file query_34.txt (compact mmCIF, C-alpha atoms)
# COMPACT_ATOMS: atom_id res chain seq x y z
CA MET A 1 -11.02 105.35 2.39
CA SER A 2 -7.58 104.42 3.49
CA ALA A 3 -6.34 100.93 4.07
CA HIS A 4 -6.17 101.53 7.78
CA GLU A 5 -9.80 102.58 7.90
CA HIS A 6 -10.83 99.50 5.84
CA GLU A 7 -9.15 97.12 8.27
CA ARG A 8 -10.81 98.91 11.14
CA ASP A 9 -14.32 98.57 9.68
CA ALA A 10 -13.93 94.78 8.92
CA PRO A 11 -15.90 92.43 11.24
CA ASP A 12 -14.04 90.51 13.87
CA TRP A 13 -14.15 86.79 12.73
CA PRO A 14 -13.37 84.20 15.35
CA GLU A 15 -10.08 82.42 14.94
CA LEU A 16 -10.30 78.69 14.15
CA PRO A 17 -8.17 76.35 16.26
CA PRO A 18 -5.23 74.73 14.46
CA PRO A 19 -5.83 71.15 13.23
CA THR A 20 -4.62 68.43 15.53
CA ALA A 21 -2.62 65.34 14.52
CA GLY A 22 -4.62 62.64 12.69
CA THR A 23 -7.41 65.03 11.63
CA SER A 24 -8.10 67.25 8.70
CA PRO A 25 -10.02 70.49 8.83
CA VAL A 26 -13.52 70.18 7.40
CA VAL A 27 -15.91 73.03 6.74
CA GLY A 28 -18.99 72.96 8.99
CA ASP A 29 -19.87 70.14 11.38
CA ALA A 30 -19.01 67.14 9.02
CA PRO A 31 -17.35 64.21 10.91
CA THR A 32 -13.68 63.56 10.51
CA ILE A 33 -12.86 60.21 8.79
CA ARG A 34 -10.26 58.19 10.62
CA LEU A 35 -8.80 55.66 8.15
CA ALA A 36 -6.59 54.02 10.72
CA ALA A 37 -9.60 53.04 12.82
CA ALA A 38 -11.38 51.49 9.79
CA TRP A 39 -8.60 49.06 8.84
CA PRO A 40 -9.55 46.30 11.38
CA TYR A 41 -13.06 46.11 9.89
CA VAL A 42 -11.69 45.89 6.35
CA GLY A 43 -9.35 43.08 7.41
CA ALA A 44 -12.20 41.16 9.02
CA ILE A 45 -14.34 41.43 5.86
CA VAL A 46 -11.49 40.25 3.61
CA GLY A 47 -10.73 37.34 5.95
CA GLY A 48 -14.36 36.25 5.93
CA ILE A 49 -14.50 36.25 2.13
CA ALA A 50 -11.28 34.20 1.94
CA LEU A 51 -12.69 31.65 4.43
CA VAL A 52 -15.88 31.22 2.36
CA LEU A 53 -13.81 30.66 -0.80
CA ILE A 54 -11.60 28.04 0.88
CA VAL A 55 -14.59 26.10 2.25
CA GLY A 56 -16.23 26.17 -1.19
CA LEU A 57 -13.09 24.79 -2.85
CA VAL A 58 -12.92 21.96 -0.32
CA PHE A 59 -16.51 20.89 -0.99
CA VAL A 60 -16.00 21.06 -4.76
CA ALA A 61 -12.60 19.34 -4.86
CA LYS A 62 -13.57 16.38 -2.63
CA PRO A 63 -16.33 14.99 -4.95
CA MET A 64 -14.04 15.48 -7.96
CA ALA A 65 -11.25 13.51 -6.27
CA THR A 66 -13.66 10.72 -5.32
CA SER A 67 -14.94 10.52 -8.90
CA ALA A 68 -11.38 10.35 -10.27
CA LYS A 69 -10.48 7.51 -7.88
CA ALA A 70 -13.59 5.56 -8.87
CA GLU A 71 -12.79 5.99 -12.56
CA ALA A 72 -9.19 4.85 -12.01
CA ALA A 73 -10.37 1.80 -10.06
CA THR A 74 -12.84 0.86 -12.80
CA LYS A 75 -10.15 1.24 -15.44
CA SER A 76 -7.64 -0.87 -13.47
CA GLU A 77 -10.28 -3.65 -13.12
CA THR A 78 -11.20 -3.52 -16.82
CA GLU A 79 -7.67 -3.55 -18.31
CA PRO A 80 -6.54 -7.00 -16.97
CA GLU A 81 -9.76 -8.59 -18.26
CA THR A 82 -9.27 -7.02 -21.71
CA LYS A 83 -5.63 -8.16 -21.87
CA ALA A 84 -6.62 -11.67 -20.79
CA LYS A 85 -9.12 -11.92 -23.64
CA ALA A 86 -6.57 -10.66 -26.17
CA LYS A 87 -4.00 -13.28 -25.10
CA LYS A 88 -6.44 -16.17 -24.81
CA LYS A 89 -5.47 -19.25 -26.80
CA PRO A 90 -7.09 -22.63 -27.38
CA LYS A 91 -6.90 -24.83 -24.34
CA GLY A 92 -8.55 -27.81 -22.75
CA GLY A 93 -11.68 -27.11 -20.78
CA GLY A 94 -11.19 -30.11 -18.49
CA PHE A 95 -8.89 -33.13 -18.84
CA LEU A 96 -10.35 -36.62 -18.55
CA THR A 97 -8.58 -38.07 -15.55
CA SER A 98 -11.59 -39.26 -13.56
CA LYS A 99 -14.25 -39.94 -16.23
CA PRO A 100 -14.57 -43.44 -17.64
CA PRO A 101 -13.50 -43.97 -21.27
CA ALA A 102 -16.08 -43.05 -23.90
CA GLU A 103 -16.96 -45.08 -26.95
CA ALA A 104 -16.50 -43.53 -30.40
CA GLU A 105 -19.64 -43.41 -32.52
CA LEU A 106 -18.01 -42.23 -35.76
CA SER A 107 -15.55 -44.37 -37.66
CA ARG A 108 -12.05 -43.03 -38.20
CA ALA A 109 -12.88 -42.31 -41.86
CA LYS A 110 -15.78 -40.11 -40.79
CA THR A 111 -13.93 -38.31 -38.01
CA ALA A 112 -12.85 -34.89 -39.34
CA VAL A 113 -9.57 -33.78 -37.78
CA LEU A 114 -7.85 -30.37 -37.78
CA ILE A 115 -4.13 -30.36 -36.97
CA LEU A 116 -2.40 -27.21 -35.67
CA ASN A 117 1.32 -26.98 -35.03
CA GLY A 118 1.87 -25.20 -31.71
CA SER A 119 5.40 -26.41 -31.10
CA GLY A 120 7.18 -23.89 -33.31
CA ALA A 121 9.01 -26.68 -35.17
CA SER A 122 8.70 -26.53 -38.95
CA GLY A 123 6.72 -29.28 -40.69
CA GLY A 124 5.13 -30.73 -37.56
CA ALA A 125 1.52 -30.43 -38.78
CA THR A 126 2.33 -32.13 -42.09
CA GLU A 127 4.00 -35.09 -40.36
CA ALA A 128 1.10 -35.53 -37.95
CA ALA A 129 -1.40 -35.38 -40.81
CA ALA A 130 0.46 -38.16 -42.65
CA GLN A 131 0.50 -40.29 -39.52
CA LEU A 132 -3.25 -39.91 -38.96
CA ARG A 133 -4.05 -40.64 -42.59
CA GLU A 134 -2.41 -44.02 -42.08
CA HIS A 135 -5.15 -44.63 -39.49
CA ASN A 136 -7.77 -43.59 -42.08
CA TYR A 137 -8.69 -40.30 -40.37
CA ARG A 138 -10.17 -37.55 -42.54
CA ILE A 139 -7.84 -34.56 -42.29
CA VAL A 140 -9.64 -31.28 -42.98
CA GLY A 141 -6.70 -28.97 -42.31
CA ALA A 142 -3.06 -28.78 -41.23
CA ASP A 143 -1.63 -25.39 -40.28
CA ASN A 144 0.30 -23.48 -37.64
CA ALA A 145 -1.39 -22.59 -34.36
CA ALA A 146 -1.84 -18.93 -33.42
CA HIS A 147 0.55 -19.43 -30.47
CA PRO A 148 3.75 -21.48 -31.01
CA ASP A 149 4.38 -21.99 -27.30
CA TYR A 150 2.47 -25.16 -26.42
CA HIS A 151 4.58 -27.34 -24.16
CA ARG A 152 2.74 -30.59 -24.93
CA THR A 153 0.34 -32.00 -27.50
CA LEU A 154 -3.38 -31.64 -26.82
CA VAL A 155 -6.29 -33.55 -28.35
CA LEU A 156 -9.36 -31.35 -28.10
CA TYR A 157 -12.87 -32.29 -29.08
CA ARG A 158 -16.14 -30.55 -29.78
CA PRO A 159 -18.95 -31.44 -27.34
CA GLY A 160 -20.34 -34.87 -28.16
CA PHE A 161 -17.13 -36.30 -29.67
CA ARG A 162 -15.16 -37.32 -26.59
CA GLY A 163 -14.96 -40.96 -27.66
CA GLU A 164 -13.47 -40.01 -31.04
CA ALA A 165 -10.87 -37.81 -29.33
CA GLU A 166 -9.82 -40.53 -26.88
CA ARG A 167 -9.44 -43.02 -29.73
CA LEU A 168 -7.31 -40.56 -31.72
CA ALA A 169 -5.09 -39.92 -28.68
CA ARG A 170 -4.47 -43.67 -28.39
CA ASP A 171 -3.62 -43.87 -32.08
CA LEU A 172 -0.99 -41.14 -31.58
CA GLY A 173 0.40 -42.89 -28.53
CA PHE A 174 -0.94 -40.47 -25.92
CA THR A 175 -2.94 -41.15 -22.75
CA ARG A 176 -6.35 -39.75 -21.90
CA LYS A 177 -4.65 -37.00 -19.89
CA ARG A 178 -4.03 -35.16 -23.15
CA VAL A 179 -7.75 -35.15 -24.08
CA ALA A 180 -10.02 -32.24 -23.17
CA VAL A 181 -13.10 -30.43 -24.41
CA LEU A 182 -12.36 -27.71 -26.95
CA ASP A 183 -12.28 -24.17 -25.53
CA GLY A 184 -10.99 -20.87 -26.86
CA MET A 185 -11.58 -21.37 -30.59
CA LYS A 186 -14.44 -20.08 -32.70
CA ARG A 187 -16.50 -22.24 -35.05
CA ARG A 188 -15.12 -20.56 -38.16
CA GLU A 189 -11.59 -21.41 -37.02
CA ILE A 190 -12.20 -25.15 -36.76
CA GLY A 191 -14.70 -25.51 -39.61
CA GLU A 192 -16.16 -29.01 -39.81
CA ALA A 193 -13.52 -30.60 -37.61
CA ARG A 194 -14.78 -32.76 -34.77
CA VAL A 195 -11.37 -33.16 -33.17
CA VAL A 196 -8.51 -30.63 -33.06
CA VAL A 197 -4.95 -31.77 -32.47
CA ILE A 198 -2.55 -29.06 -31.26
CA LEU A 199 1.05 -30.23 -31.43
CA GLY A 200 3.30 -29.13 -28.57
CA GLY A 201 6.98 -29.21 -27.88

call {"tool": "encode", "arguments": {"input": "query_34.txt", "output": "structure tokens"}}
result
Amino acid sequence: MSAHEHERDAPDWPELPPPTAGTSPVVGDAPTIRLAAAWPYVGAIVGGIALVLIVGLVFVAKPMATSAKAEAATKSETEPETKAKAKKKPKGGGFLTSKPPAEAELSRAKTAVLILNGSGASGGATEAAAQLREHNYRIVGADNAAHPDYHRTLVLYRPGFRGEAERLARDLGFTRKRVAVLDGMKRREIGEARVVVILGG
């Protein structure tokens, strides 16, 4: 059979139309996928996910920020109190300007006195101890104060010994304005002393 006869016996297949712009030929009746039309839906989905993430971050970050502010406020309130305790020094708990004079129950020889030099001048505690011994006071200690910045001499007493402190202040030539109840010192620091004299500048 010649080539001409073979072409003649071949069935007549219908011609397919050429593909148009934006489409691709697909075998059978399968739908044509149009990517350009799908992009708006993809953008909407991505935008929705981003919105959910942003809202979630806002709700998580706000409680964290509130907690951090509360912690900072607590710390700022605690630090001044801690510093104040660290810098606390012996002081009078209330000067006797309105109370009537008190009578001493102990004699001078039985009144134990601790002398602390808070003026910063060398030898002040030793000189004060010698002066009080002339008045027959029992000196149980003479040393430097923890803070050398007292501006005036104080006569401090343990509760119950106000009369002894007022008498000692008179013996040193001071008025009752220098006498106050002892505050800011621990028992182990004053020992058996009933009155503490802190020398100032």

call {"tool": "atom_distance", "arguments": {"input": "query_34.txt", "atom1": "CA of Gly141 (chain A)", "atom2": "CA of Leu154 (chain A)"}}
result
16.1 Å

call {"tool": "atom_distance", "arguments": {"input": "query_34.txt", "atom1": "CA of Ile190 (chain A)", "atom2": "CA of Pro148 (chain A)"}}
result
17.3 Å

call {"tool": "atom_distance", "arguments": {"input": "query_34.txt", "atom1": "CA of Gly173 (chain A)", "atom2": "CA of Glu189 (chain A)"}}
result
26.0 Å

call {"tool": "residues_near_point", "arguments": {"input": "query_34.txt", "point": "(-7.2, -37.3, -41.7)", "cutoff": "12 Å", "atoms": "only C-alpha atoms", "output": "PyMOL selection string"}}
result
chain A and resi 107-115+125-142+168+193-197

call {"tool": "closest_residue", "arguments": {"input": "query_34.txt", "among": "A:Leu156, A:Ala121, A:Leu182, A:Ala169", "to": "Gly201 (chain A)", "atoms": "only C-alpha atoms"}}
result
A:Ala121

call {"tool": "residues_around", "arguments": {"input": "query_34.txt", "residues": "Thr153 (chain A)", "least_positions_apart": "2", "cutoff": "9 Å", "atoms": "only C-alpha atoms", "output": "VMD selection string"}}
result
chain A and resid 118 to 119 150 to 151 155 174 178 197 to 201

call {"tool": "write_last_selection", "arguments": {"input": "query_34.txt", "atoms": "C-alpha atoms", "output": "PDB file, in the frame of the given file"}}
result
ATOM      1  CA  GLY A 118       1.870 -25.200 -31.710  1.00  0.00           C
ATOM      2  CA  SER A 119       5.400 -26.410 -31.100  1.00  0.00           C
ATOM      3  CA  TYR A 150       2.470 -25.160 -26.420  1.00  0.00           C
ATOM      4  CA  HIS A 151       4.580 -27.340 -24.160  1.00  0.00           C
ATOM      5  CA  VAL A 155      -6.290 -33.550 -28.350  1.00  0.00           C
ATOM      6  CA  PHE A 174      -0.940 -40.470 -25.920  1.00  0.00           C
ATOM      7  CA  ARG A 178      -4.030 -35.160 -23.150  1.00  0.00           C
ATOM      8  CA  VAL A 197      -4.950 -31.770 -32.470  1.00  0.00           C
ATOM      9  CA  ILE A 198      -2.550 -29.060 -31.260  1.00  0.00           C
ATOM     10  CA  LEU A 199       1.050 -30.230 -31.430  1.00  0.00           C
ATOM     11  CA  GLY A 200       3.300 -29.130 -28.570  1.00  0.00           C
ATOM     12  CA  GLY A 201       6.980 -29.210 -27.880  1.00  0.00           C
TER      13      GLY A 201
END
